[in-house]
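What follows is final_37.tsv (TSV, C-alpha atoms and all ligand atoms).
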chain	number	residue	atom	x	y	z
A	1	MET	CA	81.31	79.71	129.85
A	2	ALA	CA	85.02	78.71	129.79
A	3	LYS	CA	87.54	81.49	129.52
A	4	THR	CA	89.53	81.78	126.29
A	5	LYS	CA	93.31	82.01	126.33
A	6	PHE	CA	94.53	85.16	124.52
A	7	LEU	CA	98.21	84.93	123.65
A	8	VAL	CA	99.19	88.51	122.91
A	9	SER	CA	102.57	89.63	121.60
A	10	ARG	CA	104.27	92.10	123.92
A	11	TYR	CA	107.35	94.23	123.28
A	12	ASP	CA	108.76	97.32	124.95
A	13	ALA	CA	112.10	98.42	123.50
A	14	ALA	CA	113.09	99.94	126.86
A	15	ARG	CA	112.74	96.57	128.59
A	16	ASP	CA	112.68	93.65	126.13
A	17	THR	CA	115.29	92.32	123.73
A	18	LYS	CA	112.61	90.63	121.61
A	19	PRO	CA	108.83	90.18	121.53
A	20	TYR	CA	107.19	87.47	123.62
A	21	LEU	CA	103.65	86.12	124.04
A	22	GLN	CA	101.77	87.07	127.21
A	23	GLU	CA	98.76	85.02	128.24
A	24	PHE	CA	95.47	86.68	129.21
A	25	ARG	CA	92.24	84.85	130.07
A	26	LEU	CA	88.88	86.30	129.10
A	27	GLU	CA	85.32	85.09	128.76
A	28	ILE	CA	84.28	86.21	125.28
A	29	PRO	CA	81.01	88.17	125.55
A	30	GLN	CA	78.37	87.04	123.07
A	31	GLY	CA	78.82	88.71	119.69
A	32	ALA	CA	82.11	90.37	120.70
A	33	THR	CA	84.65	91.21	118.04
A	34	LEU	CA	88.31	90.51	118.58
A	35	LEU	CA	88.85	94.24	119.08
A	36	ASP	CA	86.16	94.26	121.80
A	37	CYS	CA	88.11	91.51	123.57
A	38	ILE	CA	91.45	93.32	123.25
A	39	ASN	CA	89.81	96.46	124.63
A	40	LEU	CA	88.41	94.46	127.57
A	41	ILE	CA	91.90	93.09	128.27
A	42	LYS	CA	93.34	96.60	128.20
A	43	TRP	CA	90.58	98.14	130.31
A	44	THR	CA	90.35	95.40	132.94
A	45	GLN	CA	93.69	93.54	133.01
A	46	ASP	CA	96.64	95.53	131.61
A	47	GLY	CA	96.33	99.18	130.67
A	48	THR	CA	99.82	99.20	129.11
A	49	LEU	CA	98.76	96.94	126.20
A	50	THR	CA	99.44	99.02	123.06
A	51	TYR	CA	97.62	98.77	119.70
A	52	ARG	CA	95.83	100.97	117.19
A	53	MET	CA	92.08	101.36	116.72
A	54	SER	CA	89.63	104.09	115.88
A	55	CYS	CA	86.38	103.49	114.02
A	56	ARG	CA	85.50	99.97	115.25
A	57	SER	CA	83.56	99.67	111.95
A	58	ALA	CA	86.11	98.32	109.44
A	59	ILE	CA	86.48	101.76	107.87
A	60	CYS	CA	89.60	103.45	109.22
A	61	GLY	CA	91.97	100.51	108.65
A	62	SER	CA	93.90	101.05	111.87
A	63	CYS	CA	93.24	97.79	113.79
A	64	SER	CA	94.94	95.31	111.48
A	65	MET	CA	97.02	92.70	113.32
A	66	LYS	CA	98.06	89.10	112.91
A	67	VAL	CA	95.51	86.67	114.27
A	68	ASN	CA	96.70	83.06	114.41
A	69	GLY	CA	99.47	83.99	111.96
A	70	HIS	CA	97.55	86.03	109.37
A	71	ALA	CA	96.56	89.69	109.12
A	72	ARG	CA	92.96	90.60	109.89
A	73	LEU	CA	90.99	93.64	111.01
A	74	ALA	CA	90.32	93.01	114.70
A	75	CYS	CA	87.08	94.99	114.57
A	76	LYS	CA	85.76	92.94	111.64
A	77	THR	CA	86.56	89.59	113.24
A	78	GLN	CA	84.17	87.74	115.50
A	79	ALA	CA	86.35	86.61	118.40
A	80	ALA	CA	84.59	83.25	118.76
A	81	ASP	CA	85.40	82.44	115.10
A	82	VAL	CA	89.18	82.56	115.60
A	83	VAL	CA	89.49	80.49	118.77
A	84	ILE	CA	91.46	77.30	118.10
A	85	ASP	CA	91.58	74.71	120.90
A	86	GLY	CA	90.54	77.35	123.41
A	87	ALA	CA	93.19	79.91	122.38
A	88	VAL	CA	93.81	82.77	119.97
A	89	THR	CA	97.23	84.22	119.15
A	90	ILE	CA	97.51	87.94	118.40
A	91	GLU	CA	100.70	89.48	116.97
A	92	PRO	CA	101.70	92.69	115.18
A	93	MET	CA	101.52	92.91	111.39
A	94	GLY	CA	104.47	91.53	109.45
A	95	ASN	CA	106.95	93.27	107.12
A	96	LEU	CA	106.87	96.46	109.21
A	97	PRO	CA	109.19	97.65	112.00
A	98	LEU	CA	107.76	96.98	115.45
A	99	ILE	CA	107.21	99.97	117.76
A	100	ARG	CA	105.51	98.47	120.78
A	101	ASP	CA	103.27	95.43	121.47
A	102	LEU	CA	100.89	95.36	118.45
A	103	ALA	CA	101.77	98.81	117.10
A	104	VAL	CA	104.02	98.92	114.02
A	105	ASP	CA	105.69	101.71	112.07
A	106	LEU	CA	103.59	102.21	108.92
A	107	GLU	CA	106.06	104.54	107.17
A	108	PRO	CA	107.32	101.92	104.64
A	109	PHE	CA	103.71	101.13	103.72
A	110	PHE	CA	102.70	104.77	103.17
A	111	ASP	CA	105.98	105.49	101.35
A	112	SER	CA	105.06	102.78	98.85
A	113	ILE	CA	101.70	104.45	98.23
A	114	ASP	CA	103.44	107.80	97.64
A	115	ARG	CA	105.70	106.20	95.02
A	116	VAL	CA	102.78	105.43	92.65
A	117	LYS	CA	101.49	109.05	92.51
A	118	PRO	CA	98.14	108.37	94.21
A	119	TYR	CA	96.37	111.31	92.61
A	120	LEU	CA	94.86	112.22	89.25
A	121	VAL	CA	97.09	113.83	86.65
A	122	PRO	CA	94.62	115.81	84.53
A	123	ASP	CA	95.22	116.72	80.91
A	124	GLU	CA	96.36	120.35	81.31
A	125	SER	CA	96.00	121.06	77.59
A	126	ARG	CA	92.22	120.77	77.88
A	127	GLN	CA	90.12	123.71	78.98
A	128	TRP	CA	88.11	122.29	81.86
A	129	LYS	CA	84.89	124.24	82.27
A	130	ARG	CA	83.40	121.92	84.88
A	131	GLU	CA	84.29	118.87	86.95
A	132	MET	CA	85.47	115.76	85.10
A	133	LEU	CA	82.58	113.32	84.93
A	134	GLN	CA	82.79	109.56	84.54
A	135	SER	CA	80.34	107.08	83.07
A	136	HIS	CA	79.16	104.23	85.28
A	137	ASP	CA	81.12	101.81	83.09
A	138	ASP	CA	84.32	103.83	83.56
A	139	TYR	CA	83.78	104.00	87.30
A	140	ARG	CA	83.30	100.23	87.50
A	141	LYS	CA	86.91	99.80	86.27
A	142	ILE	CA	88.24	101.55	89.38
A	143	GLU	CA	85.50	100.78	91.86
A	144	ASP	CA	87.11	97.76	93.55
A	145	ALA	CA	90.51	99.42	94.04
A	146	SER	CA	88.74	102.51	95.41
A	147	THR	CA	87.51	100.52	98.40
A	148	CYS	CA	91.01	100.19	99.91
A	149	ILE	CA	91.02	101.43	103.52
A	150	MET	CA	94.85	101.46	103.86
A	151	CYS	CA	94.88	98.83	106.57
A	152	ALA	CA	98.15	97.24	105.32
A	153	SER	CA	96.88	93.68	105.89
A	154	CYS	CA	98.04	92.81	102.37
A	155	TRP	CA	101.47	94.30	103.01
A	156	SER	CA	101.79	92.33	106.24
A	157	ASP	CA	101.31	88.95	104.57
A	158	CYS	CA	103.01	89.57	101.19
A	159	ASN	CA	105.64	86.90	100.52
A	160	VAL	CA	107.68	89.06	98.15
A	161	LEU	CA	108.01	91.87	100.70
A	162	GLU	CA	109.40	89.36	103.14
A	163	VAL	CA	112.42	88.80	100.88
A	164	ASP	CA	112.57	92.15	99.03
A	165	PRO	CA	111.52	95.26	100.98
A	166	ARG	CA	111.96	97.34	97.81
A	167	PHE	CA	108.88	95.72	96.23
A	168	LEU	CA	106.11	98.27	95.69
A	169	GLY	CA	103.71	95.98	97.51
A	170	PRO	CA	100.11	94.95	96.94
A	171	ALA	CA	98.28	98.04	98.21
A	172	ALA	CA	100.38	100.48	96.17
A	173	LEU	CA	99.84	98.36	93.07
A	174	ALA	CA	96.09	98.25	93.72
A	175	LYS	CA	96.17	102.04	94.15
A	176	ALA	CA	98.14	102.34	90.91
A	177	GLN	CA	95.51	100.28	89.04
A	178	ARG	CA	92.89	102.72	90.28
A	179	PHE	CA	94.71	105.55	88.42
A	180	VAL	CA	95.93	103.59	85.39
A	181	HIS	CA	92.31	102.70	84.59
A	182	ASP	CA	90.85	106.07	85.53
A	183	SER	CA	89.29	107.67	82.43
A	184	ARG	CA	90.17	111.15	83.79
A	185	ASP	CA	93.91	110.51	84.15
A	186	SER	CA	96.38	111.59	81.46
A	187	ASP	CA	99.48	109.70	82.59
A	188	THR	CA	98.48	106.10	81.78
A	189	ILE	CA	101.62	105.22	79.81
A	190	GLY	CA	103.99	106.93	82.26
A	191	ARG	CA	102.39	105.08	85.13
A	192	ILE	CA	102.60	101.68	83.41
A	193	GLU	CA	106.22	102.29	82.47
A	194	PHE	CA	107.04	103.12	86.08
A	195	LEU	CA	105.15	100.08	87.38
A	196	SER	CA	106.95	97.83	84.87
A	197	ARG	CA	110.34	98.52	86.44
A	198	VAL	CA	112.09	96.08	88.73
A	199	THR	CA	110.25	95.99	92.12
A	200	GLY	CA	106.95	96.77	90.36
A	201	MET	CA	103.97	94.80	89.08
A	202	TRP	CA	105.98	91.96	87.52
A	203	ASP	CA	107.70	91.08	90.81
A	204	CYS	CA	104.48	89.73	92.32
A	205	THR	CA	104.57	85.93	92.57
A	206	HIS	CA	100.77	85.38	92.56
A	207	CYS	CA	100.76	83.83	96.03
A	208	ALA	CA	97.28	85.39	96.53
A	209	GLU	CA	97.88	86.19	100.21
A	210	CYS	CA	96.95	89.83	99.61
A	211	ALA	CA	93.63	88.97	98.00
A	212	THR	CA	92.87	86.50	100.77
A	213	ARG	CA	93.69	88.93	103.60
A	214	CYS	CA	92.19	92.10	102.13
A	215	PRO	CA	89.01	93.00	104.06
A	216	THR	CA	87.52	95.00	101.15
A	217	ASP	CA	86.96	94.48	97.43
A	218	ALA	CA	90.36	96.03	96.63
A	219	LYS	CA	91.91	92.50	96.44
A	220	PRO	CA	95.33	93.57	95.13
A	221	LEU	CA	96.23	90.38	93.22
A	222	PHE	CA	93.31	90.97	90.83
A	223	ARG	CA	94.32	94.60	90.40
A	224	ILE	CA	97.87	93.51	89.61
A	225	LYS	CA	96.50	91.22	86.90
A	226	GLU	CA	94.60	94.18	85.45
A	227	LEU	CA	97.80	96.24	85.46
A	228	ARG	CA	99.66	93.48	83.63
A	229	THR	CA	96.87	93.25	81.07
A	230	ALA	CA	97.13	97.02	80.59
A	231	ALA	CA	100.90	96.71	80.09
A	232	MET	CA	100.45	94.05	77.42
A	233	THR	CA	97.60	95.97	75.75
A	234	HIS	CA	99.74	99.12	75.57
A	235	LYS	CA	102.70	96.99	74.40
A	236	ILE	CA	104.95	98.03	77.26
A	237	THR	CA	106.88	94.79	77.11
A	238	ASN	CA	110.56	95.81	77.22
A	239	ASN	CA	111.12	94.25	80.64
A	240	ASN	CA	111.75	90.77	82.06
A	241	GLY	CA	108.22	90.29	83.43
A	242	ALA	CA	106.35	91.06	80.22
A	243	ARG	CA	108.87	89.12	78.12
A	244	HIS	CA	108.38	86.17	80.47
A	245	VAL	CA	104.64	86.19	79.73
A	246	LEU	CA	105.29	86.36	75.98
A	247	ALA	CA	107.80	83.52	76.30
A	248	PHE	CA	105.17	81.32	77.97
A	249	ARG	CA	102.69	82.03	75.20
A	250	GLU	CA	105.24	81.37	72.48
A	251	SER	CA	106.39	78.16	74.12
A	252	VAL	CA	103.10	76.58	75.20
A	253	GLY	CA	101.11	77.85	72.24
A	254	GLY	CA	103.88	77.00	69.79
A	255	THR	CA	103.46	80.41	68.20
A	256	VAL	CA	107.19	80.54	67.37
A	257	PRO	CA	108.14	77.62	65.10
A	258	GLY	CA	110.41	75.04	66.74
A	259	ILE	CA	110.19	76.61	70.20
A	260	GLY	CA	107.44	74.76	71.99
A	261	GLY	CA	104.70	72.30	71.57
A	262	GLY	CA	102.06	72.46	74.28
A	263	MET	CA	104.54	72.68	77.12
A	264	LEU	CA	107.24	74.96	78.46
A	265	ASN	CA	110.59	75.04	76.68
A	266	GLU	CA	112.73	75.75	79.71
A	267	ASN	CA	115.81	76.48	77.64
A	268	TYR	CA	114.01	79.20	75.71
A	269	ILE	CA	112.00	80.89	78.47
A	270	PRO	CA	114.86	82.26	80.66
A	271	VAL	CA	116.79	83.66	77.68
A	272	ARG	CA	113.65	85.16	76.10
A	273	SER	CA	112.68	86.63	79.49
A	274	VAL	CA	115.93	88.53	80.05
A	275	GLY	CA	116.11	89.50	76.35
A	276	PHE	CA	118.16	87.90	73.56
A	277	PHE	CA	120.48	90.90	73.27
A	278	ASN	CA	120.81	91.59	76.97
A	279	LEU	CA	124.33	90.30	77.56
A	280	ASP	CA	124.35	91.17	81.28
A	281	GLY	CA	121.00	89.43	81.75
A	282	ILE	CA	122.13	86.30	79.94
A	283	LEU	CA	125.40	86.21	81.90
A	284	SER	CA	123.37	86.52	85.11
A	285	ILE	CA	121.37	83.33	84.40
A	286	ILE	CA	124.33	81.19	83.28
A	287	PRO	CA	125.27	80.14	86.86
A	288	VAL	CA	121.71	78.84	87.38
A	289	GLY	CA	121.98	76.84	84.15
A	290	VAL	CA	125.36	75.41	85.19
A	291	ARG	CA	123.97	74.37	88.59
A	292	MET	CA	121.04	72.65	86.86
A	293	ILE	CA	123.41	70.71	84.59
A	294	ILE	CA	125.61	69.67	87.55
A	295	ARG	CA	122.53	68.39	89.43
A	296	GLY	CA	121.08	66.69	86.36
A	297	LYS	CA	118.04	69.03	86.33
A	298	ASN	CA	118.64	70.56	82.92
A	299	PRO	CA	115.76	70.25	80.45
A	300	PRO	CA	116.30	68.44	77.10
A	301	ILE	CA	117.83	70.61	74.37
A	302	LEU	CA	115.19	69.71	71.79
A	303	PRO	CA	111.67	70.69	72.90
A	304	HIS	CA	109.23	67.86	73.41
A	305	ILE	CA	105.89	68.13	71.64
A	306	ILE	CA	102.89	66.77	73.56
A	307	ASP	CA	100.45	64.31	71.96
A	308	LYS	CA	97.49	66.67	72.07
A	309	PHE	CA	99.33	69.73	70.81
A	310	GLY	CA	96.55	70.32	68.27
A	311	GLU	CA	94.09	70.85	71.12
A	312	VAL	CA	96.40	73.35	72.84
A	313	ARG	CA	96.75	75.27	69.58
A	314	ALA	CA	92.98	75.28	69.15
A	315	MET	CA	92.62	76.75	72.66
A	316	PHE	CA	95.09	79.53	71.84
A	317	ARG	CA	93.26	80.23	68.57
A	318	ARG	CA	89.93	80.43	70.35
A	319	PHE	CA	91.41	82.71	72.98
A	320	ASN	CA	92.84	85.02	70.30
A	321	ASP	CA	89.46	85.11	68.52
A	322	TYR	CA	87.77	85.92	71.82
A	323	ARG	CA	90.23	88.76	72.48
A	324	LYS	CA	89.63	90.27	69.04
A	325	GLU	CA	85.88	90.04	69.57
A	326	TYR	CA	86.17	91.49	73.07
A	327	ARG	CA	88.18	94.49	71.88
A	328	LYS	CA	85.71	95.47	69.15
B	401	LIG	S1	99.90	88.00	95.23
B	401	LIG	FE1	101.73	89.24	94.82
B	401	LIG	S2	101.40	91.21	95.83
B	401	LIG	FE2	99.88	89.74	96.62
B	401	LIG	S3	100.80	88.99	98.50
B	401	LIG	FE3	101.37	87.54	96.86
B	401	LIG	S4	103.32	88.29	96.05
B	401	LIG	FE4	102.46	89.94	97.32
B	402	LIG	S1	94.39	96.60	99.50
B	402	LIG	FE1	93.05	95.66	101.05
B	402	LIG	S2	94.46	94.78	102.54
B	402	LIG	FE2	95.65	96.19	101.31
B	402	LIG	S3	95.63	98.11	102.42
B	402	LIG	FE3	93.91	98.17	100.99
B	402	LIG	S4	92.16	97.39	102.11
B	402	LIG	FE4	93.96	96.82	103.28
B	403	LIG	S1	89.11	100.19	114.19
B	403	LIG	FE1	88.85	101.07	112.25
B	403	LIG	S2	89.11	99.41	110.88
B	403	LIG	FE2	89.13	98.48	112.85
Will you turn the file into structure tokens for me?
Amino acid sequence: MAKTKFLVSRYDAARDTKPYLQEFRLEIPQGATLLDCINLIKWTQDGTLTYRMSCRSAICGSCSMKVNGHARLACKTQAADVVIDGAVTIEPMGNLPLIRDLAVDLEPFFDSIDRVKPYLVPDESRQWKREMLQSHDDYRKIEDASTCIMCASCWSDCNVLEVDPRFLGPAALAKAQRFVHDSRDSDTIGRIEFLSRVTGMWDCTHCAECATRCPTDAKPLFRIKELRTAAMTHKITNNNGARHVLAFRESVGGTVPGIGGGMLNENYIPVRSVGFFNLDGILSIIPVGVRMIIRGKNPPILPHIIDKFGEVRAMFRRFNDYRKEYRK
């Protein structure tokens, strides 16, 4: 069997100014995982190769690394499945400071988890005589988020973190959903208010990388959607993100007379999103508006109404009826 080319990122701060790819050749044993192959390289070719691993069973979350550009658990990846044109490229996770070779500093990731209070806040006013039980239905609301193994794959590939390291990040938001929806927790509103701040749930851009890369059912993007639904349900809407959602509904659904008609009113949405009485917010978006006018990209002042607006309205009505029915 032909040997596969393993291009592995190497970096030693004492010697290198920046990471580089080192080539190793290995015949992939039948059924071997990528971690098996990396171990073989370390044990038979270069004992200095540095990376993290422990369980080899996709449980401990320590072997996440970038494989051909995207984060994966090395122990949950069949090596043969990731070979492209006879080669596989292995690099450290993204959005985290590099320590050595494939090992990164996970402090920013764990700090983000700490920020969402990853523990139950019980109602102290109640006299607990026994452990707090949950129904199966209540548990189902937190079951998916509970499967997170803290591997940081989602963090590695999150587009928002790449441009704003203050963002809470997908795993912390998934962890937060697990407590916001926990029937035994007493701090639901406080949690949602915290998560609604800048750098919280509304800063996610729905790129879906986290859900694609997550090796468990935690799938942060879906948890973030559940958090946003909780924010709207609890009417915690005094922030740009929630107002933006309301603006879309008002514009597309035409629920505010004269504002929209089946499509986005792009004059209304930015102002509604920052808040009509938020002078600083409005001043902050004026330069964008001016640039749009200069480049001829400004939308028409009077909103256009689409031909089949009646059908859009009917969809909104049906959705509202469904919501009322669902909440009974
Ligand atoms: S969906 Fe949101 S949280 Fe997930 S990776 Fe994209 S921007 Fe980050
Ligand atoms: S949410 Fe998924 S990808 Fe992110 S740390 Fe948890 S298990 Fe890993
Ligand atoms: S070694 Fe534990 S998850 Fe891969």
With only C-alpha atoms and all ligand atoms counted, collect every polymer residue having an atom within 9 Å of ligand LIG 403 (chain B); state the result as a ChimeraX atom specification.
-> /A:35,52-64,73-76,149,151
Using all atoms listed in the file, which residue out of A:Asn278, A:Thr216, A:Ser273, A:Gln177 lies closest to ligand LIG 402 (chain B)?
-> A:Thr216
Spatial neighbours of Asp185 of chain A, 9 Å, all atoms listed in the file, chain gap at least 6 places, as a list of chain:residue names = A:Tyr119, A:Leu120, A:Val121, A:Pro122, A:Asp123, A:Phe179
If you count only C-alpha atoms and all ligand atoms, the residue of A:Thr229, A:Thr44, A:Ser153, A:Ser146 closest to ligand LIG 401 (chain B) turns out to be A:Ser153
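Each of A:Arg213, A:Arg318, A:Lys235, A:His206 was compared to ligand LIG 401 (chain B) using only C-alpha atoms and all ligand atoms, and A:His206 turns out to be the nearest.
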Kindly assemble as JSON lines a list of the chain A residues that lie within 9 Å of ligand LIG 401 (chain B), each paired with its nearest atom pair and their distance in Å to one decimal, using all atoms listed in the file, sorted first by chain and then by ascending residue number.
{"residue": "A:Cys154", "atom": "CA", "partner": "B:LIG401", "partner_atom": "S3", "distance": 6.1}
{"residue": "A:Trp155", "atom": "CA", "partner": "B:LIG401", "partner_atom": "S3", "distance": 7.0}
{"residue": "A:Ser156", "atom": "CA", "partner": "B:LIG401", "partner_atom": "S3", "distance": 8.5}
{"residue": "A:Asp157", "atom": "CA", "partner": "B:LIG401", "partner_atom": "S3", "distance": 6.1}
{"residue": "A:Cys158", "atom": "CA", "partner": "B:LIG401", "partner_atom": "S3", "distance": 3.5}
{"residue": "A:Asn159", "atom": "CA", "partner": "B:LIG401", "partner_atom": "S4", "distance": 5.2}
{"residue": "A:Val160", "atom": "CA", "partner": "B:LIG401", "partner_atom": "S4", "distance": 4.9}
{"residue": "A:Leu161", "atom": "CA", "partner": "B:LIG401", "partner_atom": "FE4", "distance": 6.8}
{"residue": "A:Phe167", "atom": "CA", "partner": "B:LIG401", "partner_atom": "FE4", "distance": 8.7}
{"residue": "A:Leu168", "atom": "CA", "partner": "B:LIG401", "partner_atom": "S2", "distance": 8.5}
{"residue": "A:Gly169", "atom": "CA", "partner": "B:LIG401", "partner_atom": "S2", "distance": 5.6}
{"residue": "A:Pro170", "atom": "CA", "partner": "B:LIG401", "partner_atom": "S2", "distance": 4.1}
{"residue": "A:Ala171", "atom": "CA", "partner": "B:LIG401", "partner_atom": "S2", "distance": 7.9}
{"residue": "A:Leu173", "atom": "CA", "partner": "B:LIG401", "partner_atom": "S2", "distance": 7.8}
{"residue": "A:Met201", "atom": "CA", "partner": "B:LIG401", "partner_atom": "S2", "distance": 8.1}
{"residue": "A:Trp202", "atom": "CA", "partner": "B:LIG401", "partner_atom": "FE1", "distance": 8.9}
{"residue": "A:Asp203", "atom": "CA", "partner": "B:LIG401", "partner_atom": "S4", "distance": 7.4}
{"residue": "A:Cys204", "atom": "CA", "partner": "B:LIG401", "partner_atom": "FE1", "distance": 3.7}
{"residue": "A:Thr205", "atom": "CA", "partner": "B:LIG401", "partner_atom": "S4", "distance": 4.4}
{"residue": "A:His206", "atom": "CA", "partner": "B:LIG401", "partner_atom": "S1", "distance": 3.8}
{"residue": "A:Cys207", "atom": "CA", "partner": "B:LIG401", "partner_atom": "FE3", "distance": 3.9}
{"residue": "A:Ala208", "atom": "CA", "partner": "B:LIG401", "partner_atom": "S1", "distance": 3.9}
{"residue": "A:Glu209", "atom": "CA", "partner": "B:LIG401", "partner_atom": "S3", "distance": 4.4}
{"residue": "A:Cys210", "atom": "CA", "partner": "B:LIG401", "partner_atom": "S3", "distance": 4.1}
{"residue": "A:Ala211", "atom": "CA", "partner": "B:LIG401", "partner_atom": "FE2", "distance": 6.4}
{"residue": "A:Thr212", "atom": "CA", "partner": "B:LIG401", "partner_atom": "S3", "distance": 8.6}
{"residue": "A:Arg213", "atom": "CA", "partner": "B:LIG401", "partner_atom": "S3", "distance": 8.8}
{"residue": "A:Lys219", "atom": "CA", "partner": "B:LIG401", "partner_atom": "FE2", "distance": 8.4}
{"residue": "A:Pro220", "atom": "CA", "partner": "B:LIG401", "partner_atom": "FE2", "distance": 6.1}
{"residue": "A:Leu221", "atom": "CA", "partner": "B:LIG401", "partner_atom": "S1", "distance": 4.8}
{"residue": "A:Phe222", "atom": "CA", "partner": "B:LIG401", "partner_atom": "S1", "distance": 8.5}
{"residue": "A:Ile224", "atom": "CA", "partner": "B:LIG401", "partner_atom": "S2", "distance": 7.5}
Could you put an axis-aligned box around every listed atom of ligand LIG 402 (chain B), padded by 5 Å on each side, and send me its centre and edge lengths in Å to one decimal, as lines of an AutoDock Vina configuration file?
center_x = 93.9
center_y = 96.5
center_z = 101.4
size_x = 13.5
size_y = 13.4
size_z = 13.8
If we count all atoms listed in the file, what is near Ala32 of chain A at a cut-off of 12 Å, once residues fewer than 6 positions away on the same chain are taken out, given as a PyMOL selection string?
-> chain A and resi 26+38-40+56+74-82
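The smallest atom-to-atom distance between ligand LIG 402 (chain B) and any of A:Tyr51, A:Phe110, A:Phe24, A:Tyr11, using all atoms listed in the file, is found for A:Phe110.
For the set A:Glu193, A:Asp182, A:Asp187, A:Asp85, the residue with the smallest atom-to-atom gap to Thr237 of chain A is A:Glu193, counting only C-alpha atoms.
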For Trp128 of chain A, which residue among A:Arg72, A:Lys175, A:Arg184, A:His304 is the nearest when counting only C-alpha atoms?
-> A:Arg184
So which residues touch Ile142 of chain A within 12 Å, counting only C-alpha atoms, skipping near sequence neighbours fewer than 2 positions away, as a PyMOL selection string?
-> chain A and resi 134-140+144-148+174-185+217-218+222-223+226-227
What separation in Å, quoted to one decimal, exists between atom CA of Tyr20 of chain A and atom CA of Thr89 of chain A?
-> 11.4 Å
Considering only C-alpha atoms, return as a PyMOL selection string whatever protein or nucleic-acid residues lie within 9 Å of Asn239 of chain A, sequence-local ones (same chain, fewer than 3 positions apart) excluded.
-> chain A and resi 196-198+202+236+242-244+273-275
Suppose you want the space between atom CA of Asp164 of chain A and atom S1 of ligand LIG 402 (chain B); what is it in Å?
-> 18.7 Å
